[in-house]
Amino acid sequence: MLAGGAFVGIATHDERLVFEALRILDELRVPPERFEFQMLLGVDPALRRIIRDLGHPVRVYVPYGMDWYGYCLRRLKENPKIARYVATAFLGGIKARKAEAAFARTS
């Protein structure tokens, strides 16, 4: 698809696949307006940062709506490694809220 000129969404959190995609993009000299990486919010922000720092477009998806819970469970079943990223993001959010509340009490 890349060689044929189509717009391609590269939707993965797998580092090996991301780096192979980067190699192919470089090899084919695909301009950034013809592709984007797609990742779920809260899943491997470090990898997302690497992709962005290399100058590549990244679309971040946020599950919402009536079926958000089922969607998230399906993603977790497909790739259990994502559970670690979700838990880290969740616990980080709790930690940040506690810090904000403590700061608000001292202000």
# chains A, B, ... in the order shown; residues from 1 in each chain; ligands from 1
>>> residues_around(residues="stretch 26-42 of chain A", least_positions_apart="3", cutoff="8 Å", atoms="only C-alpha atoms", output="short mmCIF file (atom, residue, chain, number, x, y, z; two decimals) with C-alpha atoms, in the first residue's frame")
data_model
loop_
_atom_site.label_atom_id
_atom_site.label_comp_id
_atom_site.auth_asym_id
_atom_site.auth_seq_id
_atom_site.Cartn_x
_atom_site.Cartn_y
_atom_site.Cartn_z
CA LEU A 2 2.83 2.38 0.81
CA ALA A 3 4.59 1.67 -2.47
CA GLY A 5 0.66 5.60 -2.95
CA ALA A 6 -2.22 4.85 -0.54
CA PHE A 7 -2.59 6.62 2.80
CA VAL A 8 -1.70 4.09 5.50
CA GLY A 9 -2.59 3.98 9.18
CA ILE A 10 0.01 2.01 11.12
CA ALA A 11 -1.92 0.90 14.21
CA THR A 12 0.31 -0.98 16.63
CA HIS A 13 1.98 -0.75 20.02
CA LEU A 22 9.98 3.00 10.23
CA ARG A 23 12.56 1.06 8.23
CA PRO A 45 3.58 6.83 25.77
CA ARG A 48 4.65 7.31 21.01
CA HIS A 56 6.26 11.17 12.26
CA PRO A 57 2.52 11.84 12.63
CA VAL A 58 0.74 10.01 15.44
CA ARG A 59 -3.03 9.83 15.97
CA VAL A 60 -4.02 9.00 19.54
CA TYR A 61 -7.32 7.19 19.99
CA VAL A 62 -9.51 7.55 23.07
CA PRO A 63 -12.21 4.90 23.56
CA TYR A 85 0.44 0.38 30.22
CA VAL A 86 -3.18 0.91 31.25
CA ALA A 89 -1.43 5.29 33.33
#
>>> closest_residue(among="A:Arg52, A:Met1, A:Val43, A:Leu25", to="A:Cys72", atoms="only C-alpha atoms")
A:Val43
